[in-house]
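What follows is a set of notes on a single structure, which appears directly below.
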Amino acid sequence: MAERYDVVVIGAGPSGMAAAAEASATGLRVALVDQQARVGGAYWRHEPAHAALDDTGMHHDWATFRRLLARLDAVDQLASHAVWSVDHADGGFVVRATHGEVARTPVRLDANHVVVATGAHERVVPFRGWTLPGVMTAGGGQGLVKGTGVAPGRRVVLAGTGPLLLVVADTMLRAGVDVVAVTERGHPLGYGLRPSSWSGAASRSREAATYVRNLAAHRVPFHAGYRVMAAEGTDHVERVVLESRRGRRREYDVDALLVSDGFTPQLELLVQAGAGTRTDDDGSLVVTVDVGQRTSVPGLLATGEVTGVGGASSAILEGYVAGRSITGRDVDPALLDRLAVHRRFARVMHAVHAVDPSTVAELPDDEIVCRCEEVTAGRIRAACRDLGADDPRAAKLMTRAGMGLCQGRTCGRTVADLVALTSGRPVDPDDAPRWAGRLPATPVTLAALAQEAAGVDQT
Amino acid sequence: MRDGLVVRVDGVEVAAREGDTVAAVLVRAGMSSWRRTRHGDGPRGLFCGMGACQDCLVTVDGVPGVRACLAPVGDGSVIETSEVRGG
Amino acid sequence: MASSPTPLNASAYDVVVVGAGIVGACCAWELVQSGLSVCVVDRSGVASGTTGAGEGNILVSDKEPGPELELALLSRDLWHQLADVLPSDVEVEHKGGVIVSATDDGIAALRRAAVQQRDAGVDARDVDRHALAELEPHLSPAVIGGVHYPQDMQVQPMLAAAHLLRLARERGAGLRIRTEVLDLVIDRGRVVGVVTDRGEIGCRWVVNAAGTWGGEVGRRLHAPIPVLPRRGFILVTEPVGDIVRHKVYGADYVANVASDSAGLETSPVIESTQSGTVLIGASRERVGFDPSTSYEVLGRLAAQAISLFPALSGVRVQRAYRGFRPYCPDHLPVIGTDPRVDGVVHACGHEGAGIGLAPATGRLVAEAITGVAPSLDLGPFSPVRFEEVA
C-alpha cells in the first residue's frame, strides 16, 4: 500500500530541507526522505542532542538549520529510507525505497512532484596505498566527528584539493585531533587572481582566511602545490608521502589520511527518470534545470549539488526556489541574483581546484582503481591496449571495474580518464549518463524486489 | 558512559551512545578496518562515510552487507565484522 | 590501439565483418584461420551490443530437436575447443545445466523432451529429488525433479569476443570501431567494398553480424532480413557464497523461447559466476527498443529466483539491466550467403542463444565464403526463407 504525497523530496541536506519547508508552506502534503537517521545531509550531519542546541561549535550556519527544521513540522520526515528508484506512473511518480539499513523494509511512495536533492559524494583520485584502512574522504572523517563525536584518528593529514580541506581541518582541530599538515594540489592564490567582486568570492575569501589563520594558530603546516604520492603502512595507514610538482617530498607519520579531490553529484535517480544531463565545467555530470529548478521531466525538480557542485548556500537557495516553483509562487529576483553570484563563484572554484585528467597517467599499473572489484590500473590499461576498449563501458565489461557494489561511484571518473588517456579516444559526454544511471540506485534485496510482481505464483 | 547503550562486537560487549553509527562504535573501539576484500587487496573500513562506496560493510543482527557508516546502533545490537561474501 | 592502424583508403580485404560482438568475433576468427584477410567494423565498440548484455549461455538443454539444436551441439563442441586458445579470464566453464520442476506434469513434460533430445545426441539425465539435492543443495524442497544436462557451458561473453578479436588481429585481421557501415559498393553485380562514415573499405565479402541491428544493416547491404529486438532483463546480485552451482532453469524456460506470444514472458534462469555474483533471468518482451524499466518484470524475476532458491531472499541486487535479443519470426538465426546480393553473407538473429551459437555460425560463414561443404544444412537458416521480404 503506497503513501500518496503532493511532493516527495529525496535528500534531506540543506537544499532538500529548504525545498520541503517551502513546498509545505502552502499546505501541500510533503515527504522528506533520507537514508541517514536524521535530517541535515552531509553538511549538517549532527548528533541527536545538537538539534536542540543554539550553538554546538561544530556546525556551520546552525541557526539556518534550526530555522529550516522548525519549518518542517508539517513534513513527513522519513529518515533511514534509502531510495533505489524514481519512476513515472499514471501522470505522477513512484518512489521506491527500503526503510532501515538492517530491516530493509520495502516502501513505496506515490508523488505528484519529486524533488531530487541527493547531493554529491566525494571524489578521490587514486594514489599508491589509497585503499589502506585509515585513508578516507575528508567529508567522511568530518561526518564521523559531526555525527557521532568520534574522531577518525589522532594524527591526521588532509590532502587533495578544494575548500572542503580547510573546513575539515578546522573541524578536526575543534575535535582535538592533531592535524599534522594540510596539503592542496592547487594554489588558493588562484582565487585571488580572479576579481572577487565579480565572482562573489569576497565573503568566501574572508571565510577561508579565518580557517588559514586558525591553522597557523595551531601551527599546522599548509602545503600548496603538493599531492599525495603514497600512503604507507601494513594493515592501516602509518605514513603519508607528499610530493610537489618539482619533486620535493615531505613525509608525515599519521594514523588517518583524509582526502578530497572534489565532488561527484549523485545523479542516479534523475538519470533513471530520464532527466536531461550535461557535463559541468568541473567534469562532473549534472542535471540540467531551468530557472525554477525543473528538469526536462515534467514534475521532476532537482536542487543542490546535483545541478552543479556549488556548496550549501546556493543549495539552500535552489531548494527554496524549487519549493516556490511547485507551489506556483514567484521568487524575489534579488534571490535569483544571489544564486547567480554563487554559481559564478562555483565556476571559479572549479577552475582553481581542477584536477588534470592526465594525473591518472602517474598511477602505477599495480595500484587499485576499482576498490570493490580490486581492479588495477594496469588491467584497465591492458583492456584498452589489447582488447580494443575505448569507452568506460567496454572497460567495465572487460575488467569488472565498476561492476561491484558501489557500481562505479568511486572509480567512475578515474576509469573514464584512464580509458581516454590510454585509448586516445576523448571522454564522450554521452557515456557518462549511462554510467551514472544505476538501477537500483542502492542495492535492494530480492525479497523487496519480488514485491513488485503482481500475483506471481510463489510455489 | 552516558546514554548507555550496550552492543556486542564480535561477541564482546562494548558501550555505545545514542546516535552512534556502527562505524562510530568500531572506530571508537580502535578499529580502522572490519572487513576484507574478496581478492586479497586487504582490509577495509570507513572510506566515504556516507553510504556511497560500500566499503564499510558489516553484519548487524544477522543481516550481512550493512553500511556501518549509516546504520545506527540500538541497545543490544549484535555486530559481526570480517564478513566477506563470496570470498 | 583502439582501431587498426591501417589507413582508411587501404588495399582491399577479402572480408569485412560488420559487428564486433561475439558472432562477428567468431566469424573473424574462423575466416582468419581459413587464410582470408578480414576487417571487423563496428559503429560502436567491442561487445557494445547484445554480447555486452548477455549471461554467457552455451546451452543445448533448452533446444528442441531440429536445426537449432544441431547448430548448438556443433557450436558447443567448438566452444570446448576454443577454451584451449582463450585465456582463463574468459571463464569458459563446463558448468552443466539443470531444468527443474515442482509439479508432476512439469516433470513428465521434461522427461518427454529429454527423450527426444537424447535421440538427437544430447546428454540428458533424468534426476529425481535426491539426485537434485546433490547437484543443487540449496534448491527449494518444492522442486521434485528435473533433467541434468552436463554439456551446458558458460563463458564471460564480452571477454570471449574481445580475446577472439585480439587473436584474429594478431593474425592480421583489422578492427575499426566507431565506424558505421552505410552502403555497399557493387561492381558488375558483385560486392567490391563497403561504404562507411569514415571512407570505403574494399572487400569481396561482407558478413552481416550486426545482431539486433542485423535488420537495418541487411537493408543497407541491399539484403534485408527481418531481425527484430526482444527485450530481456537481468538481475545481478552482490557476490554471494556457494548457493547456485549449475545453470538452473524453471521448467517452462524452453517453452518461452519458442513461443510467439507478444506479451511478457518470464521464466527462472539462475546461475552463479566466477566473480561470485548470481545472474538472474529471464524475460522476453516485444517492445521494440524501449529501454524503460519494467518493475513487473524485475519483480517476477526476483520472485521466481526466490521460489527456486529460498536462500536468495535476503541477497541484494546490485544491478538490473536490459538487453535486446535479435530474433527472427521463426526463432532461427539467419546464416549463409544471400542469393540476392553476390558477396553478402548473414550471421545474425540468434535471439537468446548468440553466445552459444557463435562459433558454429563462424564456422558456417567461413565454409560458405571459402566454398567448403557446410558442416550443417543451411536451408533452415536461409536469408530468403521469410514470406515477406522488404
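Chain labels A, B, ... are given in the sequence in which chains occur in the C-alpha cells; within each chain residues are numbered consecutively from 1, and ligands are likewise numbered from 1 in the order shown.
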
Using only C-alpha atoms, which residues of chain C come within 6 Å of chain B, and what is the closest atom pair for each, with the distance in Å to one decimal? Give it as a tab-separated table, sorted by chain and residue number.
```
residue	atom	partner	partner_atom	distance
C:Pro239	CA	B:Gly86	CA	5.1
C:Val240	CA	B:Gly86	CA	4.2
C:Gly241	CA	B:Gly86	CA	4.0
C:Gly276	CA	B:Gly86	CA	5.2
```

Write out as a VMD selection string the residues lying within 12 Å of region 76-79 of chain A, counting only C-alpha atoms and excluding same-chain residues fewer than 2 positions away.
(chain A and resid 3 to 13 16 to 17 20 to 21 24 28 to 41 69 71 to 74 81 to 83 97 to 101 107 to 109) or (chain B and resid 70 to 72)

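Taking CA of Leu364 (chain C) and CA of Leu378 (chain C) as endpoints, the distance between them is 8.3 Å.
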
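Between Thr293 (chain C) and the residues A:Arg438, A:Arg219, A:His50, A:Arg45, the shortest atom-to-atom distance, using only C-alpha atoms, involves A:Arg438.
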
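Backbone DSSP over chain B yields strand (DSSP E or B) at Leu5, Val6, Val7, Arg8, Val9, Val12, Glu13, Val14, Ala15, Ala16, Thr21, Arg35, Arg36, Pro43, Arg44, Leu57, Val58, Thr59, Val60, Val63, Pro64, Gly65, Val66, Arg67, Pro72, Val78, Ile79 and Glu80 of chain B.
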
Prev. selection, N, CA and C atoms, output as a short mmCIF file (atom, residue, chain, number, x, y, z; two decimals), in the first residue's frame:
```
data_model
loop_
_atom_site.label_atom_id
_atom_site.label_comp_id
_atom_site.auth_asym_id
_atom_site.auth_seq_id
_atom_site.Cartn_x
_atom_site.Cartn_y
_atom_site.Cartn_z
N LEU B 5 24.15 2.72 25.95
CA LEU B 5 23.71 1.55 25.20
C LEU B 5 24.81 0.52 25.32
N VAL B 6 24.41 -0.73 25.18
CA VAL B 6 25.42 -1.79 25.17
C VAL B 6 25.21 -2.62 23.91
N VAL B 7 26.28 -2.76 23.13
CA VAL B 7 26.17 -3.57 21.91
C VAL B 7 27.25 -4.65 22.00
N ARG B 8 27.16 -5.61 21.08
CA ARG B 8 28.17 -6.67 21.04
C ARG B 8 28.92 -6.56 19.71
N VAL B 9 30.23 -6.54 19.81
CA VAL B 9 31.06 -6.54 18.60
C VAL B 9 31.88 -7.82 18.61
N VAL B 12 31.98 -9.44 21.92
CA VAL B 12 32.45 -8.68 23.08
C VAL B 12 31.50 -7.51 23.34
N GLU B 13 31.13 -7.30 24.60
CA GLU B 13 30.25 -6.18 24.94
C GLU B 13 31.01 -4.87 24.85
N VAL B 14 30.38 -3.90 24.20
CA VAL B 14 31.00 -2.59 24.03
C VAL B 14 29.96 -1.54 24.36
N ALA B 15 30.37 -0.49 25.07
CA ALA B 15 29.45 0.59 25.38
C ALA B 15 29.27 1.48 24.16
N ALA B 16 28.07 2.03 24.00
CA ALA B 16 27.80 2.91 22.87
C ALA B 16 26.86 4.01 23.31
N THR B 21 26.67 5.51 15.02
CA THR B 21 26.55 4.55 13.92
C THR B 21 27.42 3.34 14.27
N ARG B 35 36.60 -5.48 7.60
CA ARG B 35 36.24 -6.47 6.61
C ARG B 35 37.40 -6.65 5.67
N ARG B 36 37.38 -7.74 4.92
CA ARG B 36 38.44 -7.99 3.93
C ARG B 36 37.82 -8.12 2.55
N PRO B 43 42.41 -5.32 4.07
CA PRO B 43 41.35 -4.90 4.99
C PRO B 43 40.74 -3.57 4.56
N ARG B 44 39.45 -3.41 4.87
CA ARG B 44 38.75 -2.17 4.57
C ARG B 44 37.94 -1.74 5.78
N LEU B 57 31.13 -2.38 5.01
CA LEU B 57 30.05 -3.32 5.31
C LEU B 57 30.32 -4.21 6.51
N VAL B 58 29.28 -4.40 7.32
CA VAL B 58 29.32 -5.30 8.47
C VAL B 58 28.02 -6.10 8.52
N THR B 59 28.01 -7.10 9.39
CA THR B 59 26.78 -7.84 9.63
C THR B 59 26.18 -7.33 10.94
N VAL B 60 24.93 -6.94 10.91
CA VAL B 60 24.25 -6.44 12.10
C VAL B 60 22.99 -7.27 12.34
N VAL B 63 22.12 -9.69 9.71
CA VAL B 63 21.92 -9.20 8.34
C VAL B 63 23.27 -8.75 7.78
N PRO B 64 23.74 -9.40 6.71
CA PRO B 64 25.04 -9.03 6.16
C PRO B 64 24.97 -7.82 5.22
N GLY B 65 26.10 -7.26 4.93
CA GLY B 65 26.18 -6.19 3.95
C GLY B 65 25.57 -4.88 4.42
N VAL B 66 25.62 -4.61 5.70
CA VAL B 66 25.06 -3.36 6.24
C VAL B 66 26.12 -2.27 6.20
N ARG B 67 25.75 -1.09 5.77
CA ARG B 67 26.70 0.03 5.70
C ARG B 67 26.89 0.58 7.11
N PRO B 72 22.45 3.06 12.38
CA PRO B 72 22.50 3.44 13.80
C PRO B 72 22.53 2.17 14.65
N VAL B 78 23.83 -6.58 17.64
CA VAL B 78 24.88 -7.57 17.53
C VAL B 78 25.65 -7.30 16.24
N ILE B 79 26.90 -6.91 16.38
CA ILE B 79 27.71 -6.52 15.23
C ILE B 79 28.78 -7.58 15.01
N GLU B 80 28.87 -8.04 13.76
CA GLU B 80 29.89 -9.03 13.42
C GLU B 80 30.72 -8.52 12.26
#
```

Tell me the residues of chain A close to chain C, meaning within 9 Å using only C-alpha atoms, as an MDAnalysis selection string.
chainID A and resid 87 272 373 383:391 393:394 397:399 403:407 422:425 438:454 456:459

For chain B, work out the contacting residues on chain A at 9 Å, counting only C-alpha atoms, and write them as number ranges by chain.
A: 35-37, 42, 46-49, 80, 100-103, 121-122, 131-145, 147-153, 235-236, 256, 368, 371-374, 404-410, 442

Name the residues of chain B that fall into alpha helix (DSSP H) according to DSSP on the backbone, using the chain letters and numbers of this document, as a PyMOL selection string.
chain B and resi 22-28

Selected residues written out with C-alpha atoms, as an mmCIF file, in the first residue's frame:
```
data_model
loop_
_atom_site.group_PDB
_atom_site.id
_atom_site.type_symbol
_atom_site.label_atom_id
_atom_site.label_comp_id
_atom_site.auth_asym_id
_atom_site.auth_seq_id
_atom_site.Cartn_x
_atom_site.Cartn_y
_atom_site.Cartn_z
ATOM 1 C CA VAL B 22 28.091 1.110 13.792
ATOM 2 C CA ALA B 23 31.179 2.743 12.280
ATOM 3 C CA ALA B 24 31.456 5.127 15.216
ATOM 4 C CA VAL B 25 31.343 2.225 17.662
ATOM 5 C CA LEU B 26 34.046 0.343 15.755
ATOM 6 C CA VAL B 27 36.320 3.344 15.300
ATOM 7 C CA ARG B 28 35.932 4.347 18.931
#
```

What's around Gly352 (chain C) at 12 Å? Count only C-alpha atoms, leave out sequence neighbours fewer than 3 positions away in its own chain, and write the answer as a PyMOL selection string.
chain C and resi 50-51+53-59+62-63+68+211-212+229-233+253-254+256-258+281-284+323-328+331-333+348-349+355-358

Same residues, C-alpha atoms, output as a short mmCIF file (atom, residue, chain, number, x, y, z; two decimals), in the first residue's frame:
```
data_model
loop_
_atom_site.label_atom_id
_atom_site.label_comp_id
_atom_site.auth_asym_id
_atom_site.auth_seq_id
_atom_site.Cartn_x
_atom_site.Cartn_y
_atom_site.Cartn_z
CA THR C 50 23.77 -7.71 -27.04
CA THR C 51 27.04 -9.50 -26.35
CA ALA C 53 24.28 -7.73 -22.03
CA GLY C 54 24.36 -11.50 -22.18
CA GLU C 55 24.84 -14.04 -19.43
CA GLY C 56 27.23 -16.15 -21.44
CA ASN C 57 24.99 -19.17 -22.00
CA ILE C 58 26.23 -22.07 -24.09
CA LEU C 59 23.22 -24.36 -23.97
CA ASP C 62 16.83 -25.50 -23.98
CA LYS C 63 16.58 -26.58 -27.58
CA GLU C 68 18.94 -25.02 -33.87
CA GLY C 211 22.99 -8.80 -34.09
CA THR C 212 19.91 -6.88 -33.08
CA PRO C 229 14.50 -6.84 -30.90
CA ARG C 230 13.22 -8.87 -27.99
CA ARG C 231 13.89 -7.16 -24.69
CA GLY C 232 15.23 -9.03 -21.70
CA PHE C 233 16.20 -8.03 -18.18
CA TYR C 253 12.16 -21.88 -19.99
CA VAL C 254 12.16 -23.94 -23.15
CA ASN C 256 9.32 -19.40 -23.51
CA VAL C 257 11.96 -19.34 -26.20
CA ALA C 258 9.77 -20.95 -28.83
CA GLY C 281 16.89 -14.00 -15.78
CA ALA C 282 14.95 -14.44 -17.97
CA SER C 283 12.29 -12.30 -19.57
CA ARG C 284 11.16 -11.73 -23.10
CA GLY C 323 19.42 -6.12 -23.43
CA PHE C 324 17.75 -6.62 -26.77
CA ARG C 325 17.97 -10.05 -28.28
CA PRO C 326 17.82 -10.25 -32.08
CA TYR C 327 15.06 -12.59 -33.22
CA CYS C 328 13.51 -13.69 -36.48
CA HIS C 331 13.15 -18.05 -33.96
CA LEU C 332 16.02 -19.35 -36.07
CA PRO C 333 19.06 -17.27 -36.97
CA CYS C 348 22.70 -12.80 -37.08
CA GLY C 349 19.32 -13.23 -35.46
CA ILE C 355 26.88 -16.64 -27.38
CA GLY C 356 26.37 -20.37 -27.56
CA LEU C 357 25.81 -20.48 -31.31
CA ALA C 358 28.54 -18.07 -32.34
#
```

Best match for closeness to Gly215 (chain C) among C:Ala360, C:Val227, C:Leu279, C:Leu184, counting only C-alpha atoms:
C:Val227

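Nearest-residue note for Val278 (chain C): choosing from C:Phe309, C:Phe381, C:Trp29, C:Trp79, the minimum distance belongs to C:Phe309, counting only C-alpha atoms.
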
Report as a ChimeraX atom specification all protein, DNA and RNA residues lying within 10 Å of Glu207 (chain A), evaluated on only C-alpha atoms, omitting residues in the same chain fewer than 6 positions from it.
/A:163,166-167,201,213

Save the residues we just selected, N, CA, C and O atoms, as a short mmCIF file (atom, residue, chain, number, x, y, z; two decimals), in the first residue's frame?
```
data_model
loop_
_atom_site.label_atom_id
_atom_site.label_comp_id
_atom_site.auth_asym_id
_atom_site.auth_seq_id
_atom_site.Cartn_x
_atom_site.Cartn_y
_atom_site.Cartn_z
N PRO A 163 37.99 23.72 -1.19
CA PRO A 163 37.77 24.47 0.05
C PRO A 163 37.41 23.56 1.23
O PRO A 163 37.63 23.92 2.38
N LEU A 166 40.08 22.84 4.11
CA LEU A 166 40.27 23.79 5.21
C LEU A 166 39.16 23.63 6.24
O LEU A 166 39.40 23.69 7.44
N VAL A 167 37.95 23.44 5.76
CA VAL A 167 36.80 23.30 6.65
C VAL A 167 36.97 22.06 7.53
O VAL A 167 36.76 22.11 8.75
N ALA A 201 33.47 36.02 -4.57
CA ALA A 201 34.37 35.28 -3.70
C ALA A 201 34.74 36.04 -2.44
O ALA A 201 35.41 35.49 -1.58
N ARG A 213 44.05 31.19 9.20
CA ARG A 213 44.60 31.78 10.44
C ARG A 213 44.54 30.77 11.56
O ARG A 213 45.47 30.65 12.36
#
```

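If you look at CA of Ala251 (chain C) and CA of Pro329 (chain C), they are 23.3 Å away from each other.
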
Quick one: everything within 8 Å of Ala23 (chain A), counting only C-alpha atoms, minus sequence neighbours fewer than 6 positions away in the same chain. Send it as an mmCIF file with N, CA, C and O atoms, in the first residue's frame.
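Result file selection_14.cif:
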```
data_model
loop_
_atom_site.group_PDB
_atom_site.id
_atom_site.type_symbol
_atom_site.label_atom_id
_atom_site.label_comp_id
_atom_site.auth_asym_id
_atom_site.auth_seq_id
_atom_site.Cartn_x
_atom_site.Cartn_y
_atom_site.Cartn_z
ATOM 1 N N VAL A 7 4.279 16.141 -2.840
ATOM 2 C CA VAL A 7 5.701 16.295 -3.145
ATOM 3 C C VAL A 7 6.526 15.314 -2.322
ATOM 4 O O VAL A 7 6.311 15.206 -1.110
ATOM 5 N N VAL A 30 3.831 16.848 2.007
ATOM 6 C CA VAL A 30 5.221 16.688 1.601
ATOM 7 C C VAL A 30 5.914 15.619 2.431
ATOM 8 O O VAL A 30 5.720 15.540 3.647
ATOM 9 N N ALA A 322 12.821 25.785 -5.730
ATOM 10 C CA ALA A 322 12.039 24.615 -6.142
ATOM 11 C C ALA A 322 10.709 24.559 -5.405
ATOM 12 O O ALA A 322 9.659 24.288 -5.985
ATOM 13 N N GLY A 323 10.764 24.842 -4.125
ATOM 14 C CA GLY A 323 9.539 24.835 -3.340
ATOM 15 C C GLY A 323 8.558 25.878 -3.854
ATOM 16 O O GLY A 323 7.344 25.645 -3.909
ATOM 17 N N ARG A 324 9.088 27.038 -4.249
ATOM 18 C CA ARG A 324 8.227 28.087 -4.817
ATOM 19 C C ARG A 324 7.664 27.644 -6.159
ATOM 20 O O ARG A 324 6.500 27.868 -6.456
ATOM 21 N N ILE A 326 7.007 24.701 -7.327
ATOM 22 C CA ILE A 326 5.961 23.685 -7.213
ATOM 23 C C ILE A 326 4.644 24.318 -6.790
ATOM 24 O O ILE A 326 3.571 23.916 -7.243
ATOM 25 N N THR A 327 4.745 25.307 -5.906
ATOM 26 C CA THR A 327 3.521 25.900 -5.379
ATOM 27 C C THR A 327 3.113 27.134 -6.179
ATOM 28 O O THR A 327 2.265 27.910 -5.742
#
```

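Near region 129-136 of chain C, within 7 Å and counting only C-alpha atoms, sit Ile144, Gly145, Val244 and Arg245 of chain C; same-chain residues fewer than 6 positions away were not included.
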
Those selected residues, please, written with all heavy atoms and delivered as a PDB file, in the first residue's frame.
```pdb
ATOM      1  N   ILE C 144      10.716 -31.061  -7.331  1.00  0.00           N
ATOM      2  CA  ILE C 144      10.685 -32.512  -7.112  1.00  0.00           C
ATOM      3  C   ILE C 144      11.499 -33.310  -8.108  1.00  0.00           C
ATOM      4  O   ILE C 144      11.652 -34.518  -7.976  1.00  0.00           O
ATOM      5  CB  ILE C 144       9.230 -33.025  -7.094  1.00  0.00           C
ATOM      6  CG1 ILE C 144       8.522 -32.687  -8.403  1.00  0.00           C
ATOM      7  CG2 ILE C 144       8.473 -32.416  -5.912  1.00  0.00           C
ATOM      8  CD1 ILE C 144       7.091 -33.202  -8.440  1.00  0.00           C
ATOM      9  N   GLY C 145      12.042 -32.660  -9.109  1.00  0.00           N
ATOM     10  CA  GLY C 145      12.868 -33.409 -10.042  1.00  0.00           C
ATOM     11  C   GLY C 145      13.248 -32.562 -11.241  1.00  0.00           C
ATOM     12  O   GLY C 145      12.870 -31.396 -11.337  1.00  0.00           O
ATOM     13  N   VAL C 244      24.312 -21.334  -5.747  1.00  0.00           N
ATOM     14  CA  VAL C 244      23.903 -21.940  -7.017  1.00  0.00           C
ATOM     15  C   VAL C 244      25.140 -22.514  -7.686  1.00  0.00           C
ATOM     16  O   VAL C 244      26.142 -21.817  -7.838  1.00  0.00           O
ATOM     17  CB  VAL C 244      23.268 -20.875  -7.949  1.00  0.00           C
ATOM     18  CG1 VAL C 244      22.798 -21.499  -9.245  1.00  0.00           C
ATOM     19  CG2 VAL C 244      22.131 -20.151  -7.235  1.00  0.00           C
ATOM     20  N   ARG C 245      25.083 -23.750  -8.102  1.00  0.00           N
ATOM     21  CA  ARG C 245      26.291 -24.392  -8.664  1.00  0.00           C
ATOM     22  C   ARG C 245      26.241 -24.565 -10.166  1.00  0.00           C
ATOM     23  O   ARG C 245      27.278 -24.527 -10.831  1.00  0.00           O
ATOM     24  CB  ARG C 245      26.493 -25.758  -8.016  1.00  0.00           C
ATOM     25  CG  ARG C 245      26.756 -25.640  -6.536  1.00  0.00           C
ATOM     26  CD  ARG C 245      26.985 -26.986  -5.908  1.00  0.00           C
ATOM     27  NE  ARG C 245      27.189 -26.835  -4.474  1.00  0.00           N
ATOM     28  CZ  ARG C 245      27.343 -27.855  -3.641  1.00  0.00           C
ATOM     29  NH1 ARG C 245      27.292 -29.099  -4.100  1.00  0.00           N
ATOM     30  NH2 ARG C 245      27.526 -27.634  -2.366  1.00  0.00           N
TER      31      ARG C 245
END
```
